[in-house]
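As structure tokens, the structure follows; a few thoughts come after it.
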Amino acid sequence: MKKLLSLLLLISFNVSAADDFSAVEAKLKKALKGPLRTEKGMQRDANRLPIETLKFFGLRDDMKVLELLPGNGWYTKLLAPVVVEDGELHVALGTKRLSDTLLGKDGLEFVNLIDTGADISKKEGDLLYTITPFEFGEKDFDIVFTFRNYHNFNLKGRTQMNKAVFDALKPGGIYAVVDHTRRHMEKINDDNRRRIDPVLAIKEVLDAGFIFVDYTDLHARSADKLDLEVGNKDVTGRTDRFTLKFIKPK
């Protein structure tokens with residue numbers, strides 16, 4: 001009886017989640033054709049699979065969302081239209097390019113820039129950055145995204161970021177991590193410095209207190225031999241990436 005009840009609850013949850021995402025998907029399809037996007041950005045859609053990726057992570061349009069290190073806003077331009085009416089979008093860490101070029105424009109004027117005061121630095125000769133201790137100043141985010149930038153930091157920086165994310169999420173909140181795959185237990189070098197071992201990433205996030213929920217092979221690319229720098233013309237846009245979903249315990 002208990003097993004049957006659990007199954008029914010799971011079915012009910014999945015149906016509800018599907019219904020929730022139908023509205024998100026419609027907004028995403030519209031955003032994918034939005035005026036903020038560039039031709040170069042659109043060329044990456046087929047590889048990055050944003051609709052499928054955000055569905056996997058369970059994005060809803062009423063969520064309070066935090067995107068870390070948004071770069072030039074490739075995902076920001078998609079997340080913002082989804083949550084503009086019923087949710088919130090915040091960006092933090094490495095936001096200079098975004099704030100200089102996009103924030104404040106139509107469709108992004110409501111996006112909140114969080115100034116953590118964190119010092120992101122790299123010593124001469126180091127391959128990776130570190131971050132000074134910081135907080136996001138919020139503790140009720142529903143989901144935090146980090147797309148292809150976990151690899152940028154050394155152990156100290158990654159540990160600090162994971163702690164700050166854990167503190168910022170509400171119980172049951174989602175930590176969504178996508179990054180380029182490094183061969184397991186391979187030491188860092190110039191060619192793999194923008195990759196990271198997914199087993200190591202999982203261990204570190206678990207050590208921060210999270211629960212590992214799920215993964216997907218949406219961005220698995222078996223043709224990538226994991227031996228080229230991700231910007232190399234022979235692999236860029238076709239790297240093998242891991243896609244991991246964690247939650248903060250309730």
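Chain labels run A, B, ... following the order of the structure tokens; each chain numbers its residues from 1, and ligands are numbered from 1 in the order shown.
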Would you mind listing, for every residue of segment 159-199 of chain A within 12 Å of segment 75-98 of chain A, the two atoms forming the shortest contact and the distance between them in Å to one decimal, using only C-alpha atoms, sorted by chain and ascending residue number, as CSV?
residue,atom,partner,partner_atom,distance
A:Met161,CA,A:Leu93,CA,9.8
A:Ala164,CA,A:Ala92,CA,11.3
A:Val165,CA,A:Ala92,CA,11.0
A:Ala168,CA,A:His90,CA,11.8
Inset, instruction - Compile the contact shell of Asp240 of chain A as a PyMOL selection string: residues with an atom at most 9 Å away, counting only C-alpha atoms, same-chain residues fewer than 5 positions apart removed. - result: chain A and resi 179-182+219-226
Those selected residues, please, written with N, CA and C atoms and delivered as a PDB file, in the first residue's frame.
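Saved file part.pdb follows:
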ATOM      1  N   ASP A 179      29.186  21.836 -16.871  1.00  0.00           N
ATOM      2  CA  ASP A 179      30.565  22.216 -17.156  1.00  0.00           C
ATOM      3  C   ASP A 179      31.228  21.224 -18.114  1.00  0.00           C
ATOM      4  N   HIS A 180      32.382  21.649 -18.628  1.00  0.00           N
ATOM      5  CA  HIS A 180      33.172  20.832 -19.546  1.00  0.00           C
ATOM      6  C   HIS A 180      33.865  19.707 -18.785  1.00  0.00           C
ATOM      7  N   THR A 181      33.854  18.520 -19.351  1.00  0.00           N
ATOM      8  CA  THR A 181      34.386  17.333 -18.687  1.00  0.00           C
ATOM      9  C   THR A 181      35.898  17.214 -18.825  1.00  0.00           C
ATOM     10  N   ARG A 182      36.545  16.982 -17.691  1.00  0.00           N
ATOM     11  CA  ARG A 182      37.968  16.621 -17.674  1.00  0.00           C
ATOM     12  C   ARG A 182      38.063  15.132 -17.369  1.00  0.00           C
ATOM     13  N   HIS A 219      24.286  16.726 -22.784  1.00  0.00           N
ATOM     14  CA  HIS A 219      25.465  17.384 -23.338  1.00  0.00           C
ATOM     15  C   HIS A 219      26.672  16.454 -23.410  1.00  0.00           C
ATOM     16  N   ALA A 220      26.423  15.170 -23.360  1.00  0.00           N
ATOM     17  CA  ALA A 220      27.509  14.201 -23.535  1.00  0.00           C
ATOM     18  C   ALA A 220      27.910  14.163 -25.005  1.00  0.00           C
ATOM     19  N   ARG A 221      29.200  14.200 -25.268  1.00  0.00           N
ATOM     20  CA  ARG A 221      29.710  14.191 -26.637  1.00  0.00           C
ATOM     21  C   ARG A 221      30.866  13.198 -26.704  1.00  0.00           C
ATOM     22  N   SER A 222      30.578  11.995 -27.138  1.00  0.00           N
ATOM     23  CA  SER A 222      31.580  10.927 -27.124  1.00  0.00           C
ATOM     24  C   SER A 222      32.739  11.202 -28.079  1.00  0.00           C
ATOM     25  N   ALA A 223      32.534  12.071 -29.064  1.00  0.00           N
ATOM     26  CA  ALA A 223      33.609  12.386 -30.005  1.00  0.00           C
ATOM     27  C   ALA A 223      34.695  13.247 -29.370  1.00  0.00           C
ATOM     28  N   ASP A 224      34.376  13.901 -28.261  1.00  0.00           N
ATOM     29  CA  ASP A 224      35.356  14.710 -27.550  1.00  0.00           C
ATOM     30  C   ASP A 224      36.274  13.780 -26.753  1.00  0.00           C
ATOM     31  N   LYS A 225      37.536  13.751 -27.110  1.00  0.00           N
ATOM     32  CA  LYS A 225      38.494  12.854 -26.442  1.00  0.00           C
ATOM     33  C   LYS A 225      39.042  13.457 -25.152  1.00  0.00           C
ATOM     34  N   LEU A 226      38.546  14.628 -24.780  1.00  0.00           N
ATOM     35  CA  LEU A 226      38.912  15.290 -23.521  1.00  0.00           C
ATOM     36  C   LEU A 226      40.389  15.675 -23.475  1.00  0.00           C
TER      37      LEU A 226
END
Legend entry - All residues 12 Å or closer to Glu204 of chain A, only C-alpha atoms, same chain fewer than 5 positions away omitted, as a ChimeraX atom specification: /A:150,154-163,196-199,209-212,246
Written selection (N, CA and C atoms) as an mmCIF file, in the first residue's frame:
data_model
loop_
_atom_site.group_PDB
_atom_site.id
_atom_site.type_symbol
_atom_site.label_atom_id
_atom_site.label_comp_id
_atom_site.auth_asym_id
_atom_site.auth_seq_id
_atom_site.Cartn_x
_atom_site.Cartn_y
_atom_site.Cartn_z
ATOM 1 N N TYR A 150 32.249 26.530 -13.357
ATOM 2 C CA TYR A 150 32.748 25.916 -12.117
ATOM 3 C C TYR A 150 34.244 25.635 -12.249
ATOM 4 N N ASN A 154 39.933 27.436 -8.294
ATOM 5 C CA ASN A 154 40.678 26.401 -7.587
ATOM 6 C C ASN A 154 39.822 25.842 -6.451
ATOM 7 N N LEU A 155 40.369 24.887 -5.713
ATOM 8 C CA LEU A 155 39.580 24.232 -4.670
ATOM 9 C C LEU A 155 39.035 25.238 -3.661
ATOM 10 N N LYS A 156 39.871 26.182 -3.247
ATOM 11 C CA LYS A 156 39.428 27.183 -2.287
ATOM 12 C C LYS A 156 38.272 28.003 -2.851
ATOM 13 N N GLY A 157 38.391 28.406 -4.102
ATOM 14 C CA GLY A 157 37.336 29.198 -4.725
ATOM 15 C C GLY A 157 36.054 28.410 -4.902
ATOM 16 N N ARG A 158 36.159 27.153 -5.341
ATOM 17 C CA ARG A 158 34.973 26.321 -5.538
ATOM 18 C C ARG A 158 34.286 26.043 -4.205
ATOM 19 N N THR A 159 35.091 25.800 -3.170
ATOM 20 C CA THR A 159 34.526 25.539 -1.839
ATOM 21 C C THR A 159 33.766 26.763 -1.344
ATOM 22 N N GLN A 160 34.345 27.930 -1.535
ATOM 23 C CA GLN A 160 33.691 29.165 -1.099
ATOM 24 C C GLN A 160 32.398 29.406 -1.876
ATOM 25 N N MET A 161 32.426 29.158 -3.185
ATOM 26 C CA MET A 161 31.233 29.358 -4.002
ATOM 27 C C MET A 161 30.126 28.381 -3.598
ATOM 28 N N ASN A 162 30.475 27.122 -3.396
ATOM 29 C CA ASN A 162 29.472 26.133 -3.003
ATOM 30 C C ASN A 162 28.834 26.479 -1.661
ATOM 31 N N LYS A 163 29.634 26.965 -0.737
ATOM 32 C CA LYS A 163 29.099 27.360 0.572
ATOM 33 C C LYS A 163 28.127 28.528 0.424
ATOM 34 N N ILE A 196 36.732 20.181 -15.875
ATOM 35 C CA ILE A 196 36.847 19.689 -14.504
ATOM 36 C C ILE A 196 36.270 18.277 -14.421
ATOM 37 N N ASP A 197 36.860 17.473 -13.580
ATOM 38 C CA ASP A 197 36.443 16.100 -13.350
ATOM 39 C C ASP A 197 35.048 16.106 -12.708
ATOM 40 N N PRO A 198 34.041 15.528 -13.355
ATOM 41 C CA PRO A 198 32.692 15.536 -12.779
ATOM 42 C C PRO A 198 32.593 14.785 -11.452
ATOM 43 N N VAL A 199 33.407 13.755 -11.280
ATOM 44 C CA VAL A 199 33.398 13.030 -10.002
ATOM 45 C C VAL A 199 33.876 13.953 -8.887
ATOM 46 N N GLY A 209 27.154 20.050 1.586
ATOM 47 C CA GLY A 209 25.887 19.752 2.247
ATOM 48 C C GLY A 209 24.738 19.432 1.333
ATOM 49 N N PHE A 210 24.973 19.466 0.030
ATOM 50 C CA PHE A 210 23.902 19.208 -0.930
ATOM 51 C C PHE A 210 23.625 17.714 -1.092
ATOM 52 N N ILE A 211 22.467 17.411 -1.660
ATOM 53 C CA ILE A 211 22.089 16.054 -2.047
ATOM 54 C C ILE A 211 22.139 15.966 -3.573
ATOM 55 N N PHE A 212 22.796 14.948 -4.089
ATOM 56 C CA PHE A 212 22.857 14.723 -5.532
ATOM 57 C C PHE A 212 21.542 14.085 -5.978
ATOM 58 N N PHE A 246 21.529 19.142 -8.033
ATOM 59 C CA PHE A 246 21.617 18.939 -6.593
ATOM 60 C C PHE A 246 20.491 19.716 -5.908
#
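Distances from A:Val65, A:Pro35, A:Asp217, A:Phe153 to Asp126 of chain A were compared using only C-alpha atoms, and the smallest one belongs to A:Phe153.
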Legend entry - Those of segment 75-194 of chain A in DSSP helix (DSSP H, G or I), formatted as a ChimeraX atom specification: /A:76-83,96-101,150-152,155-168
Now that the selection is made, can you save its residues with C-alpha atoms as a PDB file, in the first residue's frame?
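Result file is part-v7.pdb:
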ATOM      1  CA  THR A  76      20.327  35.571 -18.995  1.00  0.00           C
ATOM      2  CA  LYS A  77      18.474  36.536 -22.172  1.00  0.00           C
ATOM      3  CA  LEU A  78      16.437  33.330 -21.892  1.00  0.00           C
ATOM      4  CA  LEU A  79      15.872  33.224 -18.146  1.00  0.00           C
ATOM      5  CA  ALA A  80      14.721  36.838 -17.840  1.00  0.00           C
ATOM      6  CA  PRO A  81      11.620  36.582 -20.066  1.00  0.00           C
ATOM      7  CA  VAL A  82      10.549  33.386 -18.294  1.00  0.00           C
ATOM      8  CA  VAL A  83      10.448  34.837 -14.768  1.00  0.00           C
ATOM      9  CA  LYS A  96      30.950  43.280 -15.662  1.00  0.00           C
ATOM     10  CA  ARG A  97      30.393  42.326 -19.306  1.00  0.00           C
ATOM     11  CA  LEU A  98      26.692  41.869 -18.685  1.00  0.00           C
ATOM     12  CA  SER A  99      26.255  45.108 -16.748  1.00  0.00           C
ATOM     13  CA  ASP A 100      28.267  47.104 -19.297  1.00  0.00           C
ATOM     14  CA  THR A 101      26.389  45.862 -22.352  1.00  0.00           C
ATOM     15  CA  TYR A 150      32.748  25.916 -12.117  1.00  0.00           C
ATOM     16  CA  HIS A 151      36.071  24.944 -13.725  1.00  0.00           C
ATOM     17  CA  ASN A 152      37.434  28.497 -13.463  1.00  0.00           C
ATOM     18  CA  LEU A 155      39.580  24.232  -4.670  1.00  0.00           C
ATOM     19  CA  LYS A 156      39.428  27.183  -2.287  1.00  0.00           C
ATOM     20  CA  GLY A 157      37.336  29.198  -4.725  1.00  0.00           C
ATOM     21  CA  ARG A 158      34.973  26.321  -5.538  1.00  0.00           C
ATOM     22  CA  THR A 159      34.526  25.539  -1.839  1.00  0.00           C
ATOM     23  CA  GLN A 160      33.691  29.165  -1.099  1.00  0.00           C
ATOM     24  CA  MET A 161      31.233  29.358  -4.002  1.00  0.00           C
ATOM     25  CA  ASN A 162      29.472  26.133  -3.003  1.00  0.00           C
ATOM     26  CA  LYS A 163      29.099  27.360   0.572  1.00  0.00           C
ATOM     27  CA  ALA A 164      27.656  30.693  -0.564  1.00  0.00           C
ATOM     28  CA  VAL A 165      25.194  28.906  -2.869  1.00  0.00           C
ATOM     29  CA  PHE A 166      24.127  26.535  -0.103  1.00  0.00           C
ATOM     30  CA  ASP A 167      23.469  29.462   2.241  1.00  0.00           C
ATOM     31  CA  ALA A 168      21.536  31.369  -0.432  1.00  0.00           C
TER      32      ALA A 168
END
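Proximity ranking of A:Phe110, A:Phe136, A:Phe141, A:Phe242 relative to Ala201 of chain A places A:Phe242 first, based on only C-alpha atoms.
Minimum distance to Leu28 of chain A across A:Met42, A:Ile51, A:Leu103, A:Val205 (counting only C-alpha atoms) occurs at A:Ile51.
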Legend entry - Gap from atom CA of Lys122 of chain A to atom CA of Leu228 of chain A - Å, one decimal: 22.4 Å
Inset, instruction - For each of A:Ala176, A:Val235, A:Ile188, A:Ile247, take the minimum atom-to-atom distance to Leu206 of chain A, counting only C-alpha atoms, then give the residue where this is smallest. - result: A:Ile247
Residue list (strand (DSSP E), DSSP) for segment 32-225 of chain A, as a PDB file with N, CA and C atoms, in the first residue's frame:
ATOM      1  N   LYS A  64      12.506  32.264  -7.863  1.00  0.00           N
ATOM      2  CA  LYS A  64      13.529  33.274  -7.599  1.00  0.00           C
ATOM      3  C   LYS A  64      14.850  32.639  -8.020  1.00  0.00           C
ATOM      4  N   VAL A  65      15.437  33.170  -9.089  1.00  0.00           N
ATOM      5  CA  VAL A  65      16.557  32.541  -9.783  1.00  0.00           C
ATOM      6  C   VAL A  65      17.834  33.355  -9.592  1.00  0.00           C
ATOM      7  N   LEU A  66      18.948  32.651  -9.405  1.00  0.00           N
ATOM      8  CA  LEU A  66      20.265  33.280  -9.359  1.00  0.00           C
ATOM      9  C   LEU A  66      21.149  32.614 -10.410  1.00  0.00           C
ATOM     10  N   GLU A  67      21.704  33.437 -11.299  1.00  0.00           N
ATOM     11  CA  GLU A  67      22.657  32.935 -12.294  1.00  0.00           C
ATOM     12  C   GLU A  67      24.047  33.452 -11.935  1.00  0.00           C
ATOM     13  N   LEU A  68      25.005  32.543 -11.833  1.00  0.00           N
ATOM     14  CA  LEU A  68      26.368  32.909 -11.489  1.00  0.00           C
ATOM     15  C   LEU A  68      27.224  33.080 -12.737  1.00  0.00           C
ATOM     16  N   GLU A  88      11.755  36.119 -10.149  1.00  0.00           N
ATOM     17  CA  GLU A  88      12.839  37.095 -10.066  1.00  0.00           C
ATOM     18  C   GLU A  88      14.091  36.485 -10.685  1.00  0.00           C
ATOM     19  N   LEU A  89      14.913  37.344 -11.304  1.00  0.00           N
ATOM     20  CA  LEU A  89      16.208  36.905 -11.800  1.00  0.00           C
ATOM     21  C   LEU A  89      17.290  37.801 -11.221  1.00  0.00           C
ATOM     22  N   HIS A  90      18.284  37.156 -10.599  1.00  0.00           N
ATOM     23  CA  HIS A  90      19.430  37.847 -10.038  1.00  0.00           C
ATOM     24  C   HIS A  90      20.682  37.283 -10.697  1.00  0.00           C
ATOM     25  N   VAL A  91      21.707  38.123 -10.853  1.00  0.00           N
ATOM     26  CA  VAL A  91      22.986  37.671 -11.390  1.00  0.00           C
ATOM     27  C   VAL A  91      24.083  38.110 -10.428  1.00  0.00           C
ATOM     28  N   ALA A  92      25.142  37.306 -10.353  1.00  0.00           N
ATOM     29  CA  ALA A  92      26.225  37.627  -9.422  1.00  0.00           C
ATOM     30  C   ALA A  92      27.533  36.998  -9.884  1.00  0.00           C
ATOM     31  N   ASN A 112      18.263  41.852 -11.293  1.00  0.00           N
ATOM     32  CA  ASN A 112      18.951  42.418 -10.130  1.00  0.00           C
ATOM     33  C   ASN A 112      20.407  41.968 -10.103  1.00  0.00           C
ATOM     34  N   LEU A 113      21.319  42.933 -10.067  1.00  0.00           N
ATOM     35  CA  LEU A 113      22.738  42.649  -9.988  1.00  0.00           C
ATOM     36  C   LEU A 113      23.161  42.615  -8.517  1.00  0.00           C
ATOM     37  N   ILE A 114      23.658  41.482  -8.069  1.00  0.00           N
ATOM     38  CA  ILE A 114      24.105  41.333  -6.680  1.00  0.00           C
ATOM     39  C   ILE A 114      25.603  41.618  -6.606  1.00  0.00           C
ATOM     40  N   ILE A 120      37.688  38.227  -6.942  1.00  0.00           N
ATOM     41  CA  ILE A 120      38.054  37.094  -7.789  1.00  0.00           C
ATOM     42  C   ILE A 120      39.424  37.404  -8.386  1.00  0.00           C
ATOM     43  N   SER A 121      40.410  36.585  -8.079  1.00  0.00           N
ATOM     44  CA  SER A 121      41.771  36.900  -8.512  1.00  0.00           C
ATOM     45  C   SER A 121      42.538  35.638  -8.871  1.00  0.00           C
ATOM     46  N   THR A 130      40.725  32.207  -7.632  1.00  0.00           N
ATOM     47  CA  THR A 130      40.180  31.955  -6.310  1.00  0.00           C
ATOM     48  C   THR A 130      39.219  33.089  -5.956  1.00  0.00           C
ATOM     49  N   ILE A 131      38.423  32.911  -4.897  1.00  0.00           N
ATOM     50  CA  ILE A 131      37.452  33.914  -4.458  1.00  0.00           C
ATOM     51  C   ILE A 131      37.602  34.106  -2.958  1.00  0.00           C
ATOM     52  N   PHE A 141      16.551  31.713  -2.465  1.00  0.00           N
ATOM     53  CA  PHE A 141      16.521  31.398  -3.886  1.00  0.00           C
ATOM     54  C   PHE A 141      15.942  29.997  -4.098  1.00  0.00           C
ATOM     55  N   ASP A 142      15.193  29.847  -5.187  1.00  0.00           N
ATOM     56  CA  ASP A 142      14.646  28.541  -5.554  1.00  0.00           C
ATOM     57  C   ASP A 142      15.644  27.720  -6.358  1.00  0.00           C
ATOM     58  N   ILE A 143      16.476  28.422  -7.141  1.00  0.00           N
ATOM     59  CA  ILE A 143      17.422  27.712  -8.005  1.00  0.00           C
ATOM     60  C   ILE A 143      18.615  28.613  -8.284  1.00  0.00           C
ATOM     61  N   VAL A 144      19.797  27.998  -8.310  1.00  0.00           N
ATOM     62  CA  VAL A 144      21.034  28.697  -8.667  1.00  0.00           C
ATOM     63  C   VAL A 144      21.672  27.956  -9.829  1.00  0.00           C
ATOM     64  N   PHE A 145      21.979  28.700 -10.895  1.00  0.00           N
ATOM     65  CA  PHE A 145      22.600  28.121 -12.083  1.00  0.00           C
ATOM     66  C   PHE A 145      24.064  28.518 -12.175  1.00  0.00           C
ATOM     67  N   THR A 146      24.910  27.569 -12.572  1.00  0.00           N
ATOM     68  CA  THR A 146      26.270  27.888 -12.983  1.00  0.00           C
ATOM     69  C   THR A 146      26.550  27.114 -14.262  1.00  0.00           C
ATOM     70  N   PHE A 147      26.631  27.847 -15.351  1.00  0.00           N
ATOM     71  CA  PHE A 147      26.817  27.245 -16.673  1.00  0.00           C
ATOM     72  C   PHE A 147      28.268  27.387 -17.124  1.00  0.00           C
ATOM     73  N   LEU A 169      20.308  29.333  -0.951  1.00  0.00           N
ATOM     74  CA  LEU A 169      19.136  28.572  -1.388  1.00  0.00           C
ATOM     75  C   LEU A 169      18.182  28.302  -0.223  1.00  0.00           C
ATOM     76  N   LYS A 170      16.896  28.279  -0.517  1.00  0.00           N
ATOM     77  CA  LYS A 170      15.920  27.842   0.477  1.00  0.00           C
ATOM     78  C   LYS A 170      16.008  26.325   0.600  1.00  0.00           C
ATOM     79  N   PRO A 171      15.565  25.733   1.701  1.00  0.00           N
ATOM     80  CA  PRO A 171      15.527  24.273   1.798  1.00  0.00           C
ATOM     81  C   PRO A 171      14.744  23.672   0.630  1.00  0.00           C
ATOM     82  N   GLY A 172      15.315  22.686  -0.013  1.00  0.00           N
ATOM     83  CA  GLY A 172      14.701  22.105  -1.203  1.00  0.00           C
ATOM     84  C   GLY A 172      15.092  22.810  -2.481  1.00  0.00           C
ATOM     85  N   GLY A 173      15.868  23.897  -2.354  1.00  0.00           N
ATOM     86  CA  GLY A 173      16.304  24.644  -3.533  1.00  0.00           C
ATOM     87  C   GLY A 173      17.289  23.857  -4.381  1.00  0.00           C
ATOM     88  N   ILE A 174      17.386  24.211  -5.651  1.00  0.00           N
ATOM     89  CA  ILE A 174      18.145  23.456  -6.647  1.00  0.00           C
ATOM     90  C   ILE A 174      19.457  24.159  -6.983  1.00  0.00           C
ATOM     91  N   TYR A 175      20.525  23.386  -7.034  1.00  0.00           N
ATOM     92  CA  TYR A 175      21.829  23.861  -7.508  1.00  0.00           C
ATOM     93  C   TYR A 175      22.077  23.156  -8.836  1.00  0.00           C
ATOM     94  N   ALA A 176      22.134  23.935  -9.931  1.00  0.00           N
ATOM     95  CA  ALA A 176      22.235  23.397 -11.285  1.00  0.00           C
ATOM     96  C   ALA A 176      23.630  23.668 -11.834  1.00  0.00           C
ATOM     97  N   VAL A 177      24.356  22.614 -12.174  1.00  0.00           N
ATOM     98  CA  VAL A 177      25.758  22.745 -12.574  1.00  0.00           C
ATOM     99  C   VAL A 177      25.986  22.089 -13.937  1.00  0.00           C
ATOM    100  N   VAL A 178      26.509  22.879 -14.871  1.00  0.00           N
ATOM    101  CA  VAL A 178      26.902  22.364 -16.185  1.00  0.00           C
ATOM    102  C   VAL A 178      28.354  22.768 -16.423  1.00  0.00           C
ATOM    103  N   ASP A 179      29.186  21.836 -16.871  1.00  0.00           N
ATOM    104  CA  ASP A 179      30.565  22.216 -17.156  1.00  0.00           C
ATOM    105  C   ASP A 179      31.228  21.224 -18.114  1.00  0.00           C
ATOM    106  N   HIS A 180      32.382  21.649 -18.628  1.00  0.00           N
ATOM    107  CA  HIS A 180      33.172  20.832 -19.546  1.00  0.00           C
ATOM    108  C   HIS A 180      33.865  19.707 -18.785  1.00  0.00           C
ATOM    109  N   ILE A 211      22.467  17.411  -1.660  1.00  0.00           N
ATOM    110  CA  ILE A 211      22.089  16.054  -2.047  1.00  0.00           C
ATOM    111  C   ILE A 211      22.139  15.966  -3.573  1.00  0.00           C
ATOM    112  N   PHE A 212      22.796  14.948  -4.089  1.00  0.00           N
ATOM    113  CA  PHE A 212      22.857  14.723  -5.532  1.00  0.00           C
ATOM    114  C   PHE A 212      21.542  14.085  -5.978  1.00  0.00           C
ATOM    115  N   VAL A 213      20.827  14.768  -6.869  1.00  0.00           N
ATOM    116  CA  VAL A 213      19.492  14.323  -7.267  1.00  0.00           C
ATOM    117  C   VAL A 213      19.510  13.550  -8.582  1.00  0.00           C
ATOM    118  N   ASP A 214      20.192  14.120  -9.594  1.00  0.00           N
ATOM    119  CA  ASP A 214      20.071  13.513 -10.914  1.00  0.00           C
ATOM    120  C   ASP A 214      21.139  14.077 -11.852  1.00  0.00           C
ATOM    121  N   TYR A 215      21.287  13.419 -12.986  1.00  0.00           N
ATOM    122  CA  TYR A 215      22.150  13.924 -14.045  1.00  0.00           C
ATOM    123  C   TYR A 215      21.488  13.595 -15.373  1.00  0.00           C
ATOM    124  N   THR A 216      21.954  14.225 -16.446  1.00  0.00           N
ATOM    125  CA  THR A 216      21.456  13.902 -17.774  1.00  0.00           C
ATOM    126  C   THR A 216      22.626  13.884 -18.746  1.00  0.00           C
TER     127      THR A 216
END
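Between atom CA of Thr243 of chain A and atom CA of Pro50 of chain A the interatomic distance comes to 12.0 Å.
Counting from atom CA of Gly231 of chain A, the distance to atom CA of Lys40 of chain A is 15.5 Å.
Closest to Gly237 of chain A among A:Lys105, A:Lys27, A:His184, A:Arg48 is A:Arg48, based on only C-alpha atoms.
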